[in-house]
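Right, one structure below, let's go through it.
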Amino acid sequence: MTAGTMNISHPRLPQWAPALVGVMALAVAGLPALLAGWSPVTWLIAGTTVFLVAMPSWSRVVEGRRAAVDRLVTALIWTAFAVAVSPLVWLLYVVVRSGLPAVNADFLSYSMLNVIGDEQGGIFHALIGTLLITLAAALISVPIGILTGVYLVEYGKQSRTARIITFLVDVMTGIPSIVAGLFALALLVLLFGTAFRAGIGGSIALSLLMIPTVVRSSEEMMRLVPDDLREASYALGVPKWRTITRVVLPTSLAGIVTGVVLAISRVIGETAPLLVVAGATDGVNTNLFDGRMTTLPVFIFSQYASSTPVGYQRAWGGALVLIALVMVLNLVARIIGRVFAPAKAH
Amino acid sequence: MAKSIDVSDLNIYYGDFLAVEGVNMTVKSRSVTAFIGPSGCGKSTMLRSLNRMHEVIPGARVEGKVVVDGQSLYDPSVDPVAVRRQIGMVFQRPNPFPTMSIYENVLAGNRLNAKKLKKSQADQIVERSLQSANLWDEVKRRLGKPGMGLSGGQQQRLCIARAIAVEPEVLLMDEPCSALDPISTSAIEDLIHELKSDYTIVIVTHNMQQAARASDDTAFFNLKRAGGSGHLVEFNPTRKMFSTPDEASTEAYISGRFG
């Protein structure tokens, strides 16, 4: 073979080409959209389709086959991303729009006690209920979950017991939340009699739903800790339990905290089990162990069930506060994760 | 300080697989002993069985005797944790604890064992260990910075400082220089030479020159056949090993005519 000149430069489309094609695709789709009176969604879908055809075609002519495939796949991935994100954005938009008018200082600081008809009511009792019940659920499930993870990673390895536990945890992940609620109710009734209702029952039900998530995430995180570090610790004459508490857990702490917060976010919006076991009340109850407690999701449900305009309004307001709560939790988890993350090389 | 190690009829297994067979040797105190041999011949396995790190791997076990200072390490009454406090180890890849600063890394052995230390004592241990590891001057102004922020060679010297901070009797080194450049390697070899006056050192290496330069005695391990178990071929003073070895296969390996 003769040594020819190395051919590495090809014609390239300018950087602004996708933007140009995008605008033109929307314009092309806009014409029939105007004439036939399509909805904005149909117009967007048509525009995207035009873009998916036009962009690779232009690229094929100018840049060649490989570049055209690259353009097509890039466009498809962006489309998939947009499709995945749009329901979330839409949901946030609707909740903020419908809920914001309901949220004010009174809404956050008053309960529904003795509120009749269209009077100003509040979610204070539900906020307290949600925070207490979720906190208690976390207090129950975090130690159990992390210790189970420690057993699976450090002690169980591939033993039969460990495999059985892993299987049961997987099964537990699939428990319908209402079943967890009924179980907690049955437990309380068995222990304290048929008329007993208390927030702690809700915590028990929620912890059943949280434990599998906490076990799974802490197990995965501890598996990521390199064996090198365990061996380094053993070689210094450090006993196994200290190696776990002082080396393995701190190294994986950021991930474990994130897993715990995700588990909390998952259960904080549960309605069915709490409706069953913690019941509903209009007043503030700060005692987890006595009397009914309302949580935000239950509040939203009961206000919606009232089928009055004020009820709908309060339900939307409650939904907005609940979403804000989950967002704050996630932010806190990110901050904690960053603070505890093992130091990186510069 | 510094004890000799007597190994007799040692067989080391991974599950049913006999990895190292029938080793007899005496590692002298206050000297450097090098283990050489081809990959997979059981040098590291042999080294790890000297401080009971071998059994950390599931299914791994040992037959035979390792006697340090008159005590058999594999006696049922012996606590492996106590053994490892006396016989320290430095690994092939530097492994400082990522959650700890340089200062905390050096003290890890003491702190993790919940030893109560006064601030002045702790400072003293950190300075002395880092001095011995030839790292003090490079890090004395940033002891609070994370250990992972150091270069590879510095990290390895930090691990050595960490290992000697607990004042072990014996220091085992598993290819401590294999991931390092020649300058860091030379620094660590100098360090080994200095540490020899206080510690008994056993070092696994793939580098013939390193074995020749740094060690007093050399043990050559080899496989009986491919996929079989490793065994000790020859154990002699390094000078004899590299000039007039007893075994033909030792000479072949050392001079590069192996295989």
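Chains: A, B, ... in order of the structure tokens. Residues: from 1 per chain. Ligands: from 1, in order shown.
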Open item on the list: When you look at Ile244 in chain A with a cut-off of 12 Å (counting only C-alpha atoms), what residues show up, excluding the ones that are within fewer than 4 positions of it in the same chain? I need them as a list in words.
Closed with: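 Listing them by chain and then by number gives Ile146, Leu147, Gly149, Val150, Tyr151, Val153, Glu154, Tyr155, Met222, Arg223, Val225, Asp227, Leu229, Arg230, Glu231, Ser233, Tyr234, Val238, Pro239, Lys240, Val248, Leu249, Pro250, Thr251, Ser252 and Leu253 of chain A; Leu112 of chain B.
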TODO: Extract the full set of alpha helix (DSSP H) residues from range 109-334 of chain A according to DSSP on the backbone, and format it as number ranges by chain.
DONE: A: 109, 124-150, 160-173, 177-192, 199-223, 227-235, 240-243, 249-268, 272-277, 296-305, 309-334
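Near range 120-133 of chain B, within 7 Å and counting only C-alpha atoms, sit Tyr103, Val106, Leu107, Leu117, Lys118, Leu135, Trp136, Arg157, Ile160, Ala161, Ile164, Ala165 and Leu191 of chain B; same-chain residues fewer than 2 positions away were not included.
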- [ ] Determine the nearest neighbour of chain B from the options A:Thr245, A:Thr258, A:Ser177, A:Ser302, counting only C-alpha atoms.
- [x]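 Checking each of A:Thr245, A:Thr258, A:Ser177, A:Ser302 against chain B, counting only C-alpha atoms, the winner is A:Thr245.
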Give me, as JSON lines, each residue of chain B that comes within 10 Å of chain A, together with its shortest interatomic pair and the distance in Å at one decimal, counting only C-alpha atoms, with rows ordered by chain and rising residue number.
```
{"residue": "B:Arg48", "atom": "CA", "partner": "A:Ala235", "partner_atom": "CA", "distance": 9.7}
{"residue": "B:Asn51", "atom": "CA", "partner": "A:Ala235", "partner_atom": "CA", "distance": 7.9}
{"residue": "B:Arg52", "atom": "CA", "partner": "A:Ala235", "partner_atom": "CA", "distance": 9.0}
{"residue": "B:Met53", "atom": "CA", "partner": "A:Ala235", "partner_atom": "CA", "distance": 7.0}
{"residue": "B:Val56", "atom": "CA", "partner": "A:Glu231", "partner_atom": "CA", "distance": 8.0}
{"residue": "B:Ile57", "atom": "CA", "partner": "A:Glu231", "partner_atom": "CA", "distance": 9.9}
{"residue": "B:Pro58", "atom": "CA", "partner": "A:Lys157", "partner_atom": "CA", "distance": 8.9}
{"residue": "B:Pro80", "atom": "CA", "partner": "A:Gly237", "partner_atom": "CA", "distance": 8.1}
{"residue": "B:Val81", "atom": "CA", "partner": "A:Gly237", "partner_atom": "CA", "distance": 4.9}
{"residue": "B:Ala82", "atom": "CA", "partner": "A:Gly237", "partner_atom": "CA", "distance": 6.3}
{"residue": "B:Val83", "atom": "CA", "partner": "A:Gly237", "partner_atom": "CA", "distance": 7.2}
{"residue": "B:Arg84", "atom": "CA", "partner": "A:Gly237", "partner_atom": "CA", "distance": 4.5}
{"residue": "B:Arg85", "atom": "CA", "partner": "A:Gly237", "partner_atom": "CA", "distance": 4.2}
{"residue": "B:Gln86", "atom": "CA", "partner": "A:Gly237", "partner_atom": "CA", "distance": 7.8}
{"residue": "B:Ile87", "atom": "CA", "partner": "A:Ala235", "partner_atom": "CA", "distance": 7.8}
{"residue": "B:Gly88", "atom": "CA", "partner": "A:Ala235", "partner_atom": "CA", "distance": 5.8}
{"residue": "B:Met89", "atom": "CA", "partner": "A:Ala235", "partner_atom": "CA", "distance": 5.7}
{"residue": "B:Val90", "atom": "CA", "partner": "A:Ala232", "partner_atom": "CA", "distance": 7.8}
{"residue": "B:Phe91", "atom": "CA", "partner": "A:Ala232", "partner_atom": "CA", "distance": 7.7}
{"residue": "B:Gln92", "atom": "CA", "partner": "A:Asp228", "partner_atom": "CA", "distance": 9.6}
{"residue": "B:Arg93", "atom": "CA", "partner": "A:Asp228", "partner_atom": "CA", "distance": 8.1}
{"residue": "B:Pro94", "atom": "CA", "partner": "A:Asp228", "partner_atom": "CA", "distance": 8.7}
{"residue": "B:Asn95", "atom": "CA", "partner": "A:Leu229", "partner_atom": "CA", "distance": 6.1}
{"residue": "B:Pro96", "atom": "CA", "partner": "A:Leu229", "partner_atom": "CA", "distance": 7.4}
{"residue": "B:Phe97", "atom": "CA", "partner": "A:Leu229", "partner_atom": "CA", "distance": 6.5}
{"residue": "B:Pro98", "atom": "CA", "partner": "A:Pro342", "partner_atom": "CA", "distance": 5.3}
{"residue": "B:Thr99", "atom": "CA", "partner": "A:Pro342", "partner_atom": "CA", "distance": 4.8}
{"residue": "B:Met100", "atom": "CA", "partner": "A:Ala343", "partner_atom": "CA", "distance": 8.0}
{"residue": "B:Ser101", "atom": "CA", "partner": "A:Ala343", "partner_atom": "CA", "distance": 8.7}
{"residue": "B:Ala108", "atom": "CA", "partner": "A:Leu236", "partner_atom": "CA", "distance": 8.1}
{"residue": "B:Gly109", "atom": "CA", "partner": "A:Leu236", "partner_atom": "CA", "distance": 5.2}
{"residue": "B:Asn110", "atom": "CA", "partner": "A:Leu236", "partner_atom": "CA", "distance": 8.6}
{"residue": "B:Arg111", "atom": "CA", "partner": "A:Val238", "partner_atom": "CA", "distance": 9.5}
{"residue": "B:Leu112", "atom": "CA", "partner": "A:Val238", "partner_atom": "CA", "distance": 6.3}
{"residue": "B:Asn113", "atom": "CA", "partner": "A:Val238", "partner_atom": "CA", "distance": 5.8}
{"residue": "B:Ala114", "atom": "CA", "partner": "A:Arg242", "partner_atom": "CA", "distance": 9.1}
{"residue": "B:Lys145", "atom": "CA", "partner": "A:Ala343", "partner_atom": "CA", "distance": 9.0}
{"residue": "B:Pro146", "atom": "CA", "partner": "A:Ala343", "partner_atom": "CA", "distance": 6.1}
{"residue": "B:Gly147", "atom": "CA", "partner": "A:Ala345", "partner_atom": "CA", "distance": 8.3}
{"residue": "B:Met148", "atom": "CA", "partner": "A:Ala345", "partner_atom": "CA", "distance": 5.2}
{"residue": "B:Gly149", "atom": "CA", "partner": "A:Ala345", "partner_atom": "CA", "distance": 4.1}
{"residue": "B:Leu150", "atom": "CA", "partner": "A:Ala345", "partner_atom": "CA", "distance": 7.2}
{"residue": "B:Ser151", "atom": "CA", "partner": "A:Ala345", "partner_atom": "CA", "distance": 8.7}
{"residue": "B:Cys159", "atom": "CA", "partner": "A:Ala232", "partner_atom": "CA", "distance": 8.7}
{"residue": "B:Arg162", "atom": "CA", "partner": "A:Leu236", "partner_atom": "CA", "distance": 8.2}
{"residue": "B:Ala163", "atom": "CA", "partner": "A:Leu236", "partner_atom": "CA", "distance": 6.5}
{"residue": "B:Ile164", "atom": "CA", "partner": "A:Leu236", "partner_atom": "CA", "distance": 9.3}
{"residue": "B:Ala165", "atom": "CA", "partner": "A:Leu236", "partner_atom": "CA", "distance": 9.4}
{"residue": "B:Val166", "atom": "CA", "partner": "A:Leu236", "partner_atom": "CA", "distance": 7.5}
{"residue": "B:Pro168", "atom": "CA", "partner": "A:Leu236", "partner_atom": "CA", "distance": 9.0}
{"residue": "B:Leu172", "atom": "CA", "partner": "A:Ala235", "partner_atom": "CA", "distance": 9.7}
```
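Between CA of Tyr199 in chain B and CA of Glu169 in chain B the separation is 6.0 Å.
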- [ ] Please report, as a PyMOL selection string, each residue of range 115-222 of chain B to which DSSP assigns strand (DSSP E) when run on this structure's backbone.
- [x] chain B and resi 170-174+200-204+217-222
Open item on the list: So, with only C-alpha atoms as the atoms that count, which of A:Leu88, A:Ala184, A:Ala126, A:Leu52 lies closest to Val73 in chain A?
Closed with: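 Once distances to Val73 in chain A are computed over only C-alpha atoms, the minimum belongs to A:Leu52.
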TODO: Please provide the set of residues having any atom within 8 Å of Val214 in chain A, restricted to only C-alpha atoms, with same-chain residues fewer than 5 positions apart removed, written as a ChimeraX atom specification.
DONE: /A:141-142,145-146,256,259-260,263
Could you write out the selected residues, including N, CA and C atoms, as a short mmCIF file (atom, residue, chain, number, x, y, z; two decimals), in the first residue's frame?
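Once written, part_20.cif looks like this:
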```cif
data_model
loop_
_atom_site.label_atom_id
_atom_site.label_comp_id
_atom_site.auth_asym_id
_atom_site.auth_seq_id
_atom_site.Cartn_x
_atom_site.Cartn_y
_atom_site.Cartn_z
N SER A 141 -36.19 2.30 61.44
CA SER A 141 -35.68 1.55 60.30
C SER A 141 -34.21 1.80 59.99
N VAL A 142 -33.67 2.98 60.34
CA VAL A 142 -32.27 3.25 60.00
C VAL A 142 -31.31 2.30 60.73
N GLY A 145 -31.87 -1.21 59.31
CA GLY A 145 -31.44 -1.30 57.92
C GLY A 145 -29.92 -1.32 57.79
N ILE A 146 -29.26 -0.39 58.49
CA ILE A 146 -27.80 -0.31 58.35
C ILE A 146 -27.13 -1.54 58.95
N ILE A 256 -24.78 6.19 52.28
CA ILE A 256 -25.80 5.65 53.18
C ILE A 256 -26.81 6.73 53.53
N GLY A 259 -29.13 7.27 50.75
CA GLY A 259 -30.10 6.18 50.68
C GLY A 259 -31.20 6.35 51.72
N VAL A 260 -30.81 6.75 52.92
CA VAL A 260 -31.81 6.93 53.99
C VAL A 260 -32.78 8.03 53.61
N ALA A 263 -35.18 6.92 51.08
CA ALA A 263 -36.19 6.06 51.69
C ALA A 263 -37.24 6.91 52.41
#
```
Open item on the list: Between A:Ile128, A:Leu152, A:Leu209, A:Ala180, which residue has the minimum interatomic distance to Leu288 in chain A, considering only C-alpha atoms?
Closed with: A:Ile128
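Residues in contact range of Lys43 in chain B, defined as at most 9 Å between only C-alpha atoms, with sequence neighbours fewer than 4 positions away removed, read Val20, Phe35, Ile36, Gly37, Pro38, Ser39, Leu47, Arg48, Asp174, Val204, Thr205, Phe220, Phe221, Asn222 and Gly230 of chain B.
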Open item on the list: Can you measure CA of Ala29 in chain A to CA of Trp43 in chain A for me? One decimal in Å is fine.
Closed with: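 Atom-to-atom, CA of Ala29 in chain A and CA of Trp43 in chain A are spaced 6.2 Å apart.
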